[in-house]
file final08.pdb (PDB, C-alpha atoms)
ATOM      1  CA  MET A   1      -4.322 -73.126 -49.218
ATOM      2  CA  SER A   2      -1.469 -75.134 -50.727
ATOM      3  CA  GLY A   3      -1.027 -77.131 -47.499
ATOM      4  CA  ALA A   4      -4.709 -77.977 -47.089
ATOM      5  CA  ALA A   5      -5.781 -81.575 -47.609
ATOM      6  CA  ASP A   6      -7.595 -82.605 -50.751
ATOM      7  CA  VAL A   7     -11.139 -83.816 -50.039
ATOM      8  CA  TYR A   8     -12.460 -86.913 -51.794
ATOM      9  CA  LEU A   9     -16.207 -87.624 -51.606
ATOM     10  CA  MET A  10     -16.938 -91.319 -52.231
ATOM     11  CA  ALA A  11     -20.512 -91.490 -53.538
ATOM     12  CA  PHE A  12     -21.631 -94.686 -55.261
ATOM     13  CA  ALA A  13     -25.055 -93.073 -55.761
ATOM     14  CA  CYS A  14     -25.337 -89.414 -56.767
ATOM     15  CA  GLU A  15     -28.103 -87.702 -58.731
ATOM     16  CA  PRO A  16     -29.999 -84.393 -58.422
ATOM     17  CA  GLY A  17     -33.742 -84.392 -57.890
ATOM     18  CA  ARG A  18     -33.751 -87.738 -56.113
ATOM     19  CA  GLY A  19     -34.291 -88.871 -52.542
ATOM     20  CA  SER A  20     -32.521 -91.525 -50.503
ATOM     21  CA  GLU A  21     -29.020 -92.572 -51.582
ATOM     22  CA  PRO A  22     -28.745 -90.565 -54.843
ATOM     23  CA  GLY A  23     -30.053 -87.490 -53.027
ATOM     24  CA  VAL A  24     -27.471 -87.886 -50.268
ATOM     25  CA  GLY A  25     -24.694 -88.144 -52.818
ATOM     26  CA  PHE A  26     -25.809 -85.022 -54.671
ATOM     27  CA  ALA A  27     -26.235 -83.057 -51.429
ATOM     28  CA  PHE A  28     -22.599 -83.794 -50.642
ATOM     29  CA  ALA A  29     -21.591 -82.867 -54.198
ATOM     30  CA  GLN A  30     -23.277 -79.481 -53.687
ATOM     31  CA  ALA A  31     -21.560 -78.993 -50.333
ATOM     32  CA  GLY A  32     -18.208 -80.006 -51.821
ATOM     33  CA  ALA A  33     -18.580 -77.554 -54.705
ATOM     34  CA  ARG A  34     -19.362 -74.747 -52.253
ATOM     35  CA  LEU A  35     -16.333 -75.690 -50.136
ATOM     36  CA  ALA A  36     -14.112 -75.581 -53.201
ATOM     37  CA  ARG A  37     -15.524 -72.227 -54.339
ATOM     38  CA  GLU A  38     -15.549 -70.465 -50.970
ATOM     39  CA  ARG A  39     -12.313 -71.794 -49.450
ATOM     40  CA  GLY A  40     -10.207 -72.691 -52.416
ATOM     41  CA  ARG A  41     -10.013 -76.363 -51.447
ATOM     42  CA  ARG A  42      -9.535 -79.134 -53.960
ATOM     43  CA  VAL A  43     -12.647 -81.302 -53.722
ATOM     44  CA  VAL A  44     -13.079 -84.420 -55.836
ATOM     45  CA  LEU A  45     -16.357 -86.301 -56.175
ATOM     46  CA  VAL A  46     -15.709 -89.997 -56.781
ATOM     47  CA  THR A  47     -18.769 -91.581 -58.361
ATOM     48  CA  ARG A  48     -20.003 -93.679 -61.261
ATOM     49  CA  PRO A  49     -19.962 -92.183 -64.778
ATOM     50  CA  HIS A  50     -23.594 -92.565 -65.835
ATOM     51  CA  ARG A  51     -24.926 -89.505 -63.933
ATOM     52  CA  VAL A  52     -22.079 -87.033 -64.442
ATOM     53  CA  ASP A  53     -23.955 -84.818 -66.912
ATOM     54  CA  ALA A  54     -26.955 -84.613 -64.566
ATOM     55  CA  ILE A  55     -24.679 -83.789 -61.626
ATOM     56  CA  ARG A  56     -22.961 -80.963 -63.494
ATOM     57  CA  ALA A  57     -26.291 -79.585 -64.662
ATOM     58  CA  GLY A  58     -27.663 -79.712 -61.131
ATOM     59  CA  LEU A  59     -24.631 -77.884 -59.725
ATOM     60  CA  GLY A  60     -24.997 -75.016 -62.163
ATOM     61  CA  ASP A  61     -22.197 -72.433 -61.927
ATOM     62  CA  ASP A  62     -20.597 -74.332 -59.035
ATOM     63  CA  ALA A  63     -19.851 -77.278 -61.332
ATOM     64  CA  GLU A  64     -16.560 -75.683 -62.429
ATOM     65  CA  HIS A  65     -15.256 -75.809 -58.845
ATOM     66  CA  LEU A  66     -15.863 -79.531 -58.265
ATOM     67  CA  GLU A  67     -13.651 -82.182 -59.837
ATOM     68  CA  ILE A  68     -15.369 -85.447 -60.708
ATOM     69  CA  LEU A  69     -13.490 -88.724 -60.833
ATOM     70  CA  THR A  70     -15.548 -91.487 -62.435
ATOM     71  CA  VAL A  71     -15.120 -95.132 -61.533
ATOM     72  CA  PRO A  72     -17.272 -97.463 -63.655
ATOM     73  CA  LEU A  73     -18.467-100.881 -62.597
ATOM     74  CA  PRO A  74     -17.338-103.852 -64.701
ATOM     75  CA  ARG A  75     -20.016-104.776 -67.199
ATOM     76  CA  PRO A  76     -20.573-108.282 -65.783
ATOM     77  CA  VAL A  77     -21.344-106.717 -62.385
ATOM     78  CA  VAL A  78     -23.825-104.288 -63.962
ATOM     79  CA  ALA A  79     -25.501-107.129 -65.856
ATOM     80  CA  SER A  80     -25.782-109.376 -62.789
ATOM     81  CA  THR A  81     -27.016-106.755 -60.332
ATOM     82  CA  GLY A  82     -29.036-104.171 -62.260
ATOM     83  CA  ARG A  83     -31.160-101.575 -60.515
ATOM     84  CA  ARG A  84     -32.847-104.068 -58.214
ATOM     85  CA  ARG A  85     -29.677-105.341 -56.520
ATOM     86  CA  PRO A  86     -27.642-102.216 -55.782
ATOM     87  CA  ARG A  87     -25.943-103.447 -52.606
ATOM     88  CA  PRO A  88     -23.705-106.130 -54.171
ATOM     89  CA  ALA A  89     -22.799-103.603 -56.880
ATOM     90  CA  TYR A  90     -21.988-101.037 -54.179
ATOM     91  CA  VAL A  91     -19.578-103.412 -52.418
ATOM     92  CA  VAL A  92     -17.718-104.212 -55.656
ATOM     93  CA  TRP A  93     -17.582-100.523 -56.598
ATOM     94  CA  GLN A  94     -16.284 -99.599 -53.156
ATOM     95  CA  LEU A  95     -13.334-101.949 -53.516
ATOM     96  CA  ILE A  96     -12.467-100.826 -57.054
ATOM     97  CA  ALA A  97     -12.823 -97.114 -56.227
ATOM     98  CA  SER A  98     -10.800 -97.375 -53.003
ATOM     99  CA  LEU A  99      -7.909 -99.161 -54.731
ATOM    100  CA  ARG A 100      -7.873 -96.602 -57.526
ATOM    101  CA  LEU A 101      -7.993 -93.728 -55.084
ATOM    102  CA  ARG A 102      -5.151 -95.224 -53.027
ATOM    103  CA  ARG A 103      -2.941 -95.149 -56.111
ATOM    104  CA  LEU A 104      -3.916 -91.565 -56.981
ATOM    105  CA  VAL A 105      -3.380 -90.251 -53.455
ATOM    106  CA  ARG A 106       0.052 -91.875 -53.253
ATOM    107  CA  GLU A 107       1.055 -90.519 -56.649
ATOM    108  CA  SER A 108      -0.068 -86.984 -55.774
ATOM    109  CA  GLY A 109       1.979 -86.833 -52.583
ATOM    110  CA  ARG A 110      -0.612 -84.431 -51.114
ATOM    111  CA  PRO A 111      -2.495 -84.813 -47.824
ATOM    112  CA  ALA A 112      -6.029 -86.110 -48.303
ATOM    113  CA  VAL A 113      -9.264 -86.672 -46.412
ATOM    114  CA  VAL A 114     -11.748 -89.267 -47.687
ATOM    115  CA  HIS A 115     -15.460 -88.940 -46.914
ATOM    116  CA  HIS A 116     -17.593 -92.066 -47.257
ATOM    117  CA  VAL A 117     -21.006 -90.765 -48.343
ATOM    118  CA  THR A 118     -23.266 -93.646 -49.437
ATOM    119  CA  PHE A 119     -24.679 -96.222 -48.644
ATOM    120  CA  ALA A 120     -26.224 -95.239 -45.327
ATOM    121  CA  THR A 121     -25.160 -98.295 -43.377
ATOM    122  CA  GLU A 122     -22.041 -99.417 -41.574
ATOM    123  CA  ALA A 123     -22.993-103.072 -42.063
ATOM    124  CA  LEU A 124     -21.892-103.310 -45.719
ATOM    125  CA  PRO A 125     -18.187-103.717 -46.476
ATOM    126  CA  ALA A 126     -16.424-100.440 -47.246
ATOM    127  CA  PHE A 127     -12.768-100.234 -48.159
ATOM    128  CA  GLU A 128     -11.648 -96.634 -47.645
ATOM    129  CA  SER A 129      -9.226 -97.826 -44.980
ATOM    130  CA  LEU A 130      -7.091 -99.153 -47.861
ATOM    131  CA  ILE A 131      -6.493 -95.630 -49.180
ATOM    132  CA  GLY A 132      -4.128 -94.601 -46.384
ATOM    133  CA  ALA A 133      -5.850 -91.300 -45.542
ATOM    134  CA  PRO A 134      -8.139 -90.137 -42.707
ATOM    135  CA  VAL A 135     -11.712 -91.295 -43.317
ATOM    136  CA  VAL A 136     -14.970 -89.576 -42.405
ATOM    137  CA  PHE A 137     -17.702 -92.229 -42.399
ATOM    138  CA  GLY A 138     -21.370 -91.319 -42.753
ATOM    139  CA  PRO A 139     -24.027 -90.198 -42.075
ATOM    140  CA  ALA A 140     -24.795 -93.872 -41.651
ATOM    141  CA  GLY A 141     -26.172 -96.440 -39.278
ATOM    142  CA  SER A 142     -28.422 -99.460 -39.526
ATOM    143  CA  ALA A 143     -31.153-100.573 -37.188
ATOM    144  CA  ALA A 144     -30.767-103.832 -35.287
ATOM    145  CA  LEU A 145     -32.054-106.973 -36.975
ATOM    146  CA  PRO A 146     -35.240-108.175 -35.233
ATOM    147  CA  GLY A 147     -35.861-111.748 -34.170
ATOM    148  CA  GLY A 148     -33.729-114.399 -32.550
ATOM    149  CA  GLY A 149     -33.511-117.322 -34.982
ATOM    150  CA  ALA A 150     -30.182-118.929 -35.862
ATOM    151  CA  GLY A 151     -30.085-117.271 -39.263
ATOM    152  CA  VAL A 152     -30.793-113.835 -37.791
ATOM    153  CA  ARG A 153     -28.159-114.325 -35.096
ATOM    154  CA  ALA A 154     -25.585-115.318 -37.711
ATOM    155  CA  ARG A 155     -26.405-112.265 -39.811
ATOM    156  CA  ARG A 156     -26.223-110.065 -36.732
ATOM    157  CA  VAL A 157     -22.730-111.362 -35.916
ATOM    158  CA  LEU A 158     -21.578-110.824 -39.513
ATOM    159  CA  ARG A 159     -23.001-107.287 -39.569
ATOM    160  CA  THR A 160     -21.258-106.519 -36.281
ATOM    161  CA  VAL A 161     -17.905-107.710 -37.611
ATOM    162  CA  ILE A 162     -18.290-105.605 -40.771
ATOM    163  CA  ALA A 163     -19.470-102.561 -38.802
ATOM    164  CA  ARG A 164     -16.500-102.722 -36.446
ATOM    165  CA  SER A 165     -14.120-102.969 -39.361
ATOM    166  CA  ASN A 166     -15.687 -99.924 -41.034
ATOM    167  CA  THR A 167     -15.948 -97.774 -37.921
ATOM    168  CA  ARG A 168     -12.550 -98.604 -36.429
ATOM    169  CA  SER A 169     -10.806 -97.344 -39.545
ATOM    170  CA  ALA A 170     -12.610 -93.972 -39.478
ATOM    171  CA  ALA A 171     -11.288 -90.784 -37.898
ATOM    172  CA  VAL A 172     -14.802 -89.313 -37.653
ATOM    173  CA  LEU A 173     -18.102 -91.200 -37.528
ATOM    174  CA  ILE A 174     -21.365 -89.444 -38.417
ATOM    175  CA  ALA A 175     -24.331 -91.326 -36.947
ATOM    176  CA  GLN A 176     -27.756 -90.882 -38.509
ATOM    177  CA  ASN A 177     -29.675 -91.349 -35.249
ATOM    178  CA  ASP A 178     -29.027 -91.320 -31.539
ATOM    179  CA  SER A 179     -29.169 -95.079 -30.974
ATOM    180  CA  VAL A 180     -26.439 -95.542 -33.581
ATOM    181  CA  ARG A 181     -24.397 -92.753 -31.992
ATOM    182  CA  ARG A 182     -24.525 -94.504 -28.627
ATOM    183  CA  SER A 183     -23.448 -97.839 -30.113
ATOM    184  CA  TRP A 184     -20.621 -96.281 -32.122
ATOM    185  CA  ARG A 185     -19.256 -94.506 -29.075
ATOM    186  CA  LEU A 186     -18.014 -97.891 -27.887
ATOM    187  CA  GLU A 187     -15.785 -98.164 -30.949
ATOM    188  CA  GLY A 188     -13.788 -95.051 -30.113
ATOM    189  CA  GLY A 189     -13.034 -92.086 -32.346
ATOM    190  CA  GLN A 190     -15.030 -88.896 -32.749
ATOM    191  CA  VAL A 191     -18.757 -89.490 -33.179
ATOM    192  CA  VAL A 192     -21.221 -86.785 -34.226
ATOM    193  CA  LEU A 193     -24.956 -86.937 -34.915
ATOM    194  CA  GLU A 194     -26.502 -85.864 -38.210
ATOM    195  CA  PRO A 195     -29.694 -87.378 -39.696
ATOM    196  CA  ASN A 196     -29.143 -88.817 -43.157
ATOM    197  CA  ILE A 197     -31.913 -86.780 -44.767
ATOM    198  CA  VAL A 198     -31.692 -83.712 -46.999
ATOM    199  CA  ILE A 199     -34.972 -81.953 -47.728
ATOM    200  CA  GLU A 200     -35.339 -78.822 -49.826
ATOM    201  CA  PRO A 201     -37.700 -76.087 -48.583
ATOM    202  CA  LEU A 202     -41.299 -76.658 -49.666
ATOM    203  CA  THR A 203     -43.556 -73.719 -50.418
ATOM    204  CA  GLY A 204     -47.221 -73.121 -51.148
ATOM    205  CA  PRO A 205     -50.433 -74.203 -49.434
ATOM    206  CA  ARG A 206     -51.126 -77.841 -48.735
ATOM    207  CA  PRO A 207     -53.596 -79.359 -51.222
ATOM    208  CA  PRO A 208     -56.855 -81.020 -50.100
ATOM    209  CA  LEU A 209     -56.496 -84.562 -48.803
ATOM    210  CA  THR A 210     -57.231 -87.390 -51.245
ATOM    211  CA  TRP A 211     -56.058 -90.402 -49.211
ATOM    212  CA  ASP A 212     -56.352 -91.453 -45.593
ATOM    213  CA  ALA A 213     -52.855 -92.892 -45.699
ATOM    214  CA  ALA A 214     -49.873 -93.547 -47.951
ATOM    215  CA  CYS A 215     -46.968 -95.963 -48.248
ATOM    216  CA  ALA A 216     -43.979 -94.839 -50.270
ATOM    217  CA  GLY A 217     -40.634 -96.319 -51.201
ATOM    218  CA  PHE A 218     -38.945 -99.110 -53.094
ATOM    219  CA  LEU A 219     -41.364-102.030 -52.849
ATOM    220  CA  VAL A 220     -39.271-104.764 -51.258
ATOM    221  CA  ALA A 221     -40.080-107.278 -48.535
ATOM    222  CA  ARG A 222     -38.171-105.522 -45.731
ATOM    223  CA  LYS A 223     -40.377-102.428 -46.116
ATOM    224  CA  ARG A 224     -43.309-104.640 -44.990
ATOM    225  CA  PHE A 225     -45.964-102.596 -46.749
ATOM    226  CA  ASP A 226     -48.172-105.684 -46.558
ATOM    227  CA  LEU A 227     -48.508-104.910 -42.828
ATOM    228  CA  ALA A 228     -49.662-101.417 -43.716
ATOM    229  CA  ILE A 229     -52.319-102.826 -46.031
ATOM    230  CA  GLU A 230     -53.495-105.262 -43.347
ATOM    231  CA  ALA A 231     -53.569-102.523 -40.710
ATOM    232  CA  TYR A 232     -55.522-100.190 -42.962
ATOM    233  CA  ALA A 233     -58.032-102.937 -43.762
ATOM    234  CA  ALA A 234     -58.489-103.656 -40.042
ATOM    235  CA  SER A 235     -59.050 -99.997 -39.188
ATOM    236  CA  SER A 236     -62.296 -98.070 -39.288
ATOM    237  CA  ALA A 237     -61.096 -96.010 -42.252
ATOM    238  CA  THR A 238     -63.512 -95.835 -45.154
ATOM    239  CA  GLY A 239     -61.394 -93.822 -47.584
ATOM    240  CA  ARG A 240     -58.440 -94.821 -49.711
ATOM    241  CA  LEU A 241     -54.816 -95.916 -49.301
ATOM    242  CA  VAL A 242     -52.126 -95.041 -51.857
ATOM    243  CA  VAL A 243     -49.004 -97.152 -52.383
ATOM    244  CA  ILE A 244     -46.320 -95.063 -54.089
ATOM    245  CA  GLY A 245     -43.405 -96.811 -55.772
ATOM    246  CA  ASP A 246     -42.369 -99.863 -57.703
ATOM    247  CA  GLY A 247     -40.344-102.962 -56.949
ATOM    248  CA  PRO A 248     -40.343-106.746 -56.773
ATOM    249  CA  ALA A 249     -42.930-106.842 -53.967
ATOM    250  CA  LEU A 250     -45.613-105.096 -56.048
ATOM    251  CA  PRO A 251     -47.482-108.287 -57.108
ATOM    252  CA  ALA A 252     -47.513-109.537 -53.506
ATOM    253  CA  LEU A 253     -48.885-106.205 -52.292
ATOM    254  CA  ARG A 254     -51.678-106.283 -54.860
ATOM    255  CA  ALA A 255     -52.492-109.787 -53.646
ATOM    256  CA  ALA A 256     -52.449-108.565 -50.031
ATOM    257  CA  ALA A 257     -55.004-105.890 -50.879
ATOM    258  CA  GLU A 258     -57.193-108.519 -52.529
ATOM    259  CA  ARG A 259     -56.981-110.830 -49.485
ATOM    260  CA  ALA A 260     -57.808-107.957 -47.160
ATOM    261  CA  GLY A 261     -60.893-107.107 -49.208
ATOM    262  CA  ILE A 262     -59.842-103.529 -49.972
ATOM    263  CA  ALA A 263     -58.387-103.864 -53.477
ATOM    264  CA  ASP A 264     -60.936-101.339 -54.718
ATOM    265  CA  ARG A 265     -59.683 -98.798 -52.138
ATOM    266  CA  VAL A 266     -55.918 -99.146 -52.684
ATOM    267  CA  ASP A 267     -54.242 -97.077 -55.407
ATOM    268  CA  PHE A 268     -50.900 -98.317 -56.746
ATOM    269  CA  THR A 269     -49.072 -95.502 -58.548
ATOM    270  CA  GLY A 270     -45.939 -97.298 -59.724
ATOM    271  CA  GLY A 271     -42.634 -95.436 -59.805
ATOM    272  CA  LEU A 272     -42.920 -91.636 -59.824
ATOM    273  CA  ALA A 273     -40.593 -88.646 -60.008
ATOM    274  CA  ARG A 274     -39.706 -87.193 -56.617
ATOM    275  CA  ASP A 275     -41.884 -84.086 -56.996
ATOM    276  CA  GLU A 276     -44.858 -86.315 -57.804
ATOM    277  CA  VAL A 277     -44.122 -88.450 -54.740
ATOM    278  CA  LEU A 278     -44.084 -85.352 -52.534
ATOM    279  CA  GLU A 279     -47.341 -84.141 -54.075
ATOM    280  CA  ARG A 280     -49.105 -87.412 -53.295
ATOM    281  CA  LEU A 281     -47.655 -87.533 -49.802
ATOM    282  CA  SER A 282     -48.980 -84.037 -49.179
ATOM    283  CA  ARG A 283     -52.483 -85.244 -50.104
ATOM    284  CA  SER A 284     -52.334 -88.084 -47.542
ATOM    285  CA  ALA A 285     -53.142 -87.698 -43.866
ATOM    286  CA  LEU A 286     -50.765 -90.437 -42.683
ATOM    287  CA  LEU A 287     -47.623 -92.179 -43.847
ATOM    288  CA  LEU A 288     -47.644 -95.859 -42.855
ATOM    289  CA  HIS A 289     -44.018 -96.965 -42.860
ATOM    290  CA  PRO A 290     -43.645-100.352 -41.143
ATOM    291  CA  SER A 291     -40.147-101.024 -42.509
ATOM    292  CA  ARG A 292     -38.079-103.251 -40.247
ATOM    293  CA  GLN A 293     -34.796-101.518 -41.101
ATOM    294  CA  GLU A 294     -33.960 -98.080 -42.493
ATOM    295  CA  GLY A 295     -30.498 -96.581 -42.845
ATOM    296  CA  ALA A 296     -31.728 -93.416 -44.580
ATOM    297  CA  PRO A 297     -35.445 -92.864 -43.828
ATOM    298  CA  TRP A 298     -35.871 -89.997 -46.283
ATOM    299  CA  VAL A 299     -39.539 -90.657 -46.898
ATOM    300  CA  VAL A 300     -40.279 -90.115 -43.193
ATOM    301  CA  GLY A 301     -38.613 -86.696 -43.250
ATOM    302  CA  GLU A 302     -40.347 -85.836 -46.509
ATOM    303  CA  ALA A 303     -43.732 -86.745 -45.034
ATOM    304  CA  GLN A 304     -43.022 -84.510 -42.051
ATOM    305  CA  ALA A 305     -42.012 -81.677 -44.362
ATOM    306  CA  VAL A 306     -45.315 -81.739 -46.259
ATOM    307  CA  GLY A 307     -47.479 -82.087 -43.122
ATOM    308  CA  THR A 308     -48.189 -85.826 -43.342
ATOM    309  CA  VAL A 309     -47.942 -87.704 -40.039
ATOM    310  CA  PRO A 310     -45.599 -90.739 -40.190
ATOM    311  CA  ILE A 311     -46.263 -93.910 -38.197
ATOM    312  CA  VAL A 312     -43.172 -96.097 -37.784
ATOM    313  CA  PHE A 313     -41.862 -98.980 -35.683
ATOM    314  CA  ALA A 314     -39.551 -98.482 -32.715
ATOM    315  CA  GLY A 315     -35.951 -99.527 -33.320
ATOM    316  CA  SER A 316     -36.344 -99.622 -37.092
ATOM    317  CA  GLY A 317     -34.162 -96.629 -37.923
ATOM    318  CA  ALA A 318     -37.249 -94.942 -39.356
ATOM    319  CA  ASP A 319     -38.041 -93.761 -35.825
ATOM    320  CA  GLY A 320     -35.021 -91.425 -35.835
ATOM    321  CA  PRO A 321     -36.673 -88.500 -37.706
ATOM    322  CA  VAL A 322     -39.895 -88.945 -35.712
ATOM    323  CA  LEU A 323     -38.081 -88.726 -32.379
ATOM    324  CA  ALA A 324     -35.815 -85.913 -33.541
ATOM    325  CA  ALA A 325     -38.628 -83.716 -34.890
ATOM    326  CA  ARG A 326     -41.254 -84.900 -32.384
ATOM    327  CA  LEU A 327     -43.654 -85.261 -35.281
ATOM    328  CA  GLY A 328     -45.275 -88.616 -35.876
ATOM    329  CA  GLU A 329     -45.967 -91.834 -33.964
ATOM    330  CA  VAL A 330     -43.558 -94.601 -32.945
ATOM    331  CA  VAL A 331     -45.318 -97.917 -32.237
ATOM    332  CA  ASP A 332     -44.163-101.270 -30.898
TER     333      ASP A 332
END

call {"tool": "encode", "arguments": {"input": "final08.pdb", "output": "structure tokens"}}
result
Amino acid sequence: MSGAADVYLMAFACEPGRGSEPGVGFAFAQAGARLARERGRRVVLVTRPHRVDAIRAGLGDDAEHLEILTVPLPRPVVASTGRRRPRPAYVVWQLIASLRLRRLVRESGRPAVVHHVTFATEALPAFESLIGAPVVFGPAGSAALPGGGAGVRARRVLRTVIARSNTRSAAVLIAQNDSVRRSWRLEGGQVVLEPNIVIEPLTGPRPPLTWDAACAGFLVARKRFDLAIEAYAASSATGRLVVIGDGPALPALRAAAERAGIADRVDFTGGLARDEVLERLSRSALLLHPSRQEGAPWVVGEAQAVGTVPIVFAGSGADGPVLAARLGEVVD
């Protein structure tokens, strides 16, 4: 295998036992370790240093087959972004990691393939094109921005420019839903479809239902969980709603429950470990997920996996798993 290309997996987020972006990164780390073990390929995971021990522990015996190259963020960037503003940190990390990898690939003199793993959107600047090696981009793909105001139109134009830059430089594009695949086809190159969700097999009987419905995720404005609270209050349901997660929108959601007159029937759990999230989802009849934009709708796939019916908006990106699995409801 001396002539085979080295494989570099660029994963800003990577951690075992997590959903969404960290889960995607670790799923690729597992796949890369298997590729290295079974085919003798050199596979290098490029990620941040703070989760390396957890990654190696999660890989088990396969950890010895996967090389890990750590690229830290500058401390001022960490201090100014923190956990609540990962996207600016991702863009800075992308640039630093790509420039470092360009130098390493040139110094090695070996053929290389670079796989962009996270984040799950083509509308954030990525810089793998600087490396000088074929790039596999995805799974990724954002939903269209709704509305028609001047600000939205300007953002839509900017996102389009960034997306074209990212996708044009890729040899292979992996779209996370069919609408993204159709739009990417216009940019040329090889386009394949693969949902950006990795779900481990779930076993055991489903527990009795505790809640009529659940919302789950990082509590930010674009998830629009306030609409879920309003919809639940307007329905004929007489049971309880559970809101799973934490984030800056939590105070506003508590206030929304108060305004809707159902504060005594809404349970806010705060942040939970992934297995606890799945357990609470499995005890809910419905998942209300009115997010306006989802690049990696893991929670929708997780709800489907535990038998909870997701209700999502058309064109949001969250409708991809519902349409693919034909399980759930897509509403306008």

call {"tool": "closest_residue", "arguments": {"input": "final08.pdb", "among": "A:Ala163, A:Leu9, A:Ala256, A:Leu158", "to": "Val136 of chain A", "atoms": "all atoms listed in the file"}}
result
A:Leu9

call {"tool": "closest_residue", "arguments": {"input": "final08.pdb", "among": "A:Thr210, A:Thr121, A:Thr308, A:Ser129", "to": "Ala175 of chain A", "atoms": "all atoms listed in the file"}}
result
A:Thr121

call {"tool": "residues_around", "arguments": {"input": "final08.pdb", "residues": "Ala257 of chain A", "least_positions_apart": "5", "cutoff": "12 Å", "atoms": "all atoms listed in the file", "output": "list in words"}}
result
Phe225, Asp226, Leu227, Ala228, Ile229, Glu230, Ala231, Tyr232, Ala233, Ala234, Arg240, Leu241, Val242, Val243, Leu250, Pro251, Ala252, Ile262, Ala263, Asp264, Arg265, Val266, Asp267 and Phe268 of chain A

call {"tool": "atom_distance", "arguments": {"input": "final08.pdb", "atom1": "atom CA of Ser316 of chain A", "atom2": "atom CA of Ala214 of chain A"}}
result
18.4 Å

call {"tool": "closest_atom_pairs", "arguments": {"input": "final08.pdb", "of": "segment 253-311 of chain A", "to": "segment 324-328 of chain A", "cutoff": "8 Å", "atoms": "all atoms listed in the file", "output": "CSV"}}
result
residue,atom,partner,partner_atom,distance
A:Gln304,CA,A:Leu327,CA,6.8
A:Val309,CA,A:Gly328,CA,5.0
A:Pro310,CA,A:Gly328,CA,4.8
A:Ile311,CA,A:Gly328,CA,5.9

call {"tool": "closest_residue", "arguments": {"input": "final08.pdb", "among": "A:Pro88, A:Pro205, A:Gly138, A:Gly23", "to": "His116 of chain A", "atoms": "only C-alpha atoms"}}
result
A:Gly138

call {"tool": "resolve_selection", "arguments": {"input": "final08.pdb", "expression": "the PyMOL selection byres ((chain A and resi 39) around 12)", "output": "list in words"}}
result
Met1, Ser2, Ala4, Ala5, Asp6, Ala31, Gly32, Ala33, Arg34, Leu35, Ala36, Arg37, Glu38, Gly40, Arg41, Arg42, Val43 and His65 of chain A

call {"tool": "write_last_selection", "arguments": {"input": "final08.pdb", "atoms": "C-alpha atoms", "output": "PDB file, keeping the file's coordinate frame"}}
result
ATOM      1  CA  MET A   1      -4.322 -73.126 -49.218  1.00  0.00           C
ATOM      2  CA  SER A   2      -1.469 -75.134 -50.727  1.00  0.00           C
ATOM      3  CA  ALA A   4      -4.709 -77.977 -47.089  1.00  0.00           C
ATOM      4  CA  ALA A   5      -5.781 -81.575 -47.609  1.00  0.00           C
ATOM      5  CA  ASP A   6      -7.595 -82.605 -50.751  1.00  0.00           C
ATOM      6  CA  ALA A  31     -21.560 -78.993 -50.333  1.00  0.00           C
ATOM      7  CA  GLY A  32     -18.208 -80.006 -51.821  1.00  0.00           C
ATOM      8  CA  ALA A  33     -18.580 -77.554 -54.705  1.00  0.00           C
ATOM      9  CA  ARG A  34     -19.362 -74.747 -52.253  1.00  0.00           C
ATOM     10  CA  LEU A  35     -16.333 -75.690 -50.136  1.00  0.00           C
ATOM     11  CA  ALA A  36     -14.112 -75.581 -53.201  1.00  0.00           C
ATOM     12  CA  ARG A  37     -15.524 -72.227 -54.339  1.00  0.00           C
ATOM     13  CA  GLU A  38     -15.549 -70.465 -50.970  1.00  0.00           C
ATOM     14  CA  GLY A  40     -10.207 -72.691 -52.416  1.00  0.00           C
ATOM     15  CA  ARG A  41     -10.013 -76.363 -51.447  1.00  0.00           C
ATOM     16  CA  ARG A  42      -9.535 -79.134 -53.960  1.00  0.00           C
ATOM     17  CA  VAL A  43     -12.647 -81.302 -53.722  1.00  0.00           C
ATOM     18  CA  HIS A  65     -15.256 -75.809 -58.845  1.00  0.00           C
TER      19      HIS A  65
END

call {"tool": "residues_near_point", "arguments": {"input": "final08.pdb", "point": "(-8.4, -86.0, -51.0)", "cutoff": "6 Å", "atoms": "all atoms listed in the file", "output": "PDB file with C-alpha atoms, in the frame of the given file"}}
result
ATOM      1  CA  ASP A   6      -7.595 -82.605 -50.751  1.00  0.00           C
ATOM      2  CA  VAL A   7     -11.139 -83.816 -50.039  1.00  0.00           C
ATOM      3  CA  TYR A   8     -12.460 -86.913 -51.794  1.00  0.00           C
ATOM      4  CA  ALA A 112      -6.029 -86.110 -48.303  1.00  0.00           C
ATOM      5  CA  VAL A 113      -9.264 -86.672 -46.412  1.00  0.00           C
ATOM      6  CA  VAL A 114     -11.748 -89.267 -47.687  1.00  0.00           C
TER       7      VAL A 114
END

call {"tool": "residues_around", "arguments": {"input": "final08.pdb", "residues": "Asn196 of chain A", "least_positions_apart": "3", "cutoff": "8 Å", "atoms": "all atoms listed in the file", "output": "VMD selection string"}}
result
chain A and resid 24 120 139 to 140 176 295 to 298

call {"tool": "residues_around", "arguments": {"input": "final08.pdb", "residues": "Pro74 of chain A", "least_positions_apart": "3", "cutoff": "10 Å", "atoms": "all atoms listed in the file", "output": "ChimeraX atom specification"}}
result
/A:71,77-79,89,92-93,96

call {"tool": "closest_residue", "arguments": {"input": "final08.pdb", "among": "A:Ala13, A:Val306, A:Gly149, A:Ser98", "to": "Leu130 of chain A", "atoms": "all atoms listed in the file"}}
result
A:Ser98

call {"tool": "residues_around", "arguments": {"input": "final08.pdb", "residues": "Val220 of chain A", "least_positions_apart": "3", "cutoff": "12 Å", "atoms": "only C-alpha atoms", "output": "VMD selection string"}}
result
chain A and resid 84 to 85 216 to 217 223 to 226 245 to 253 290 to 293
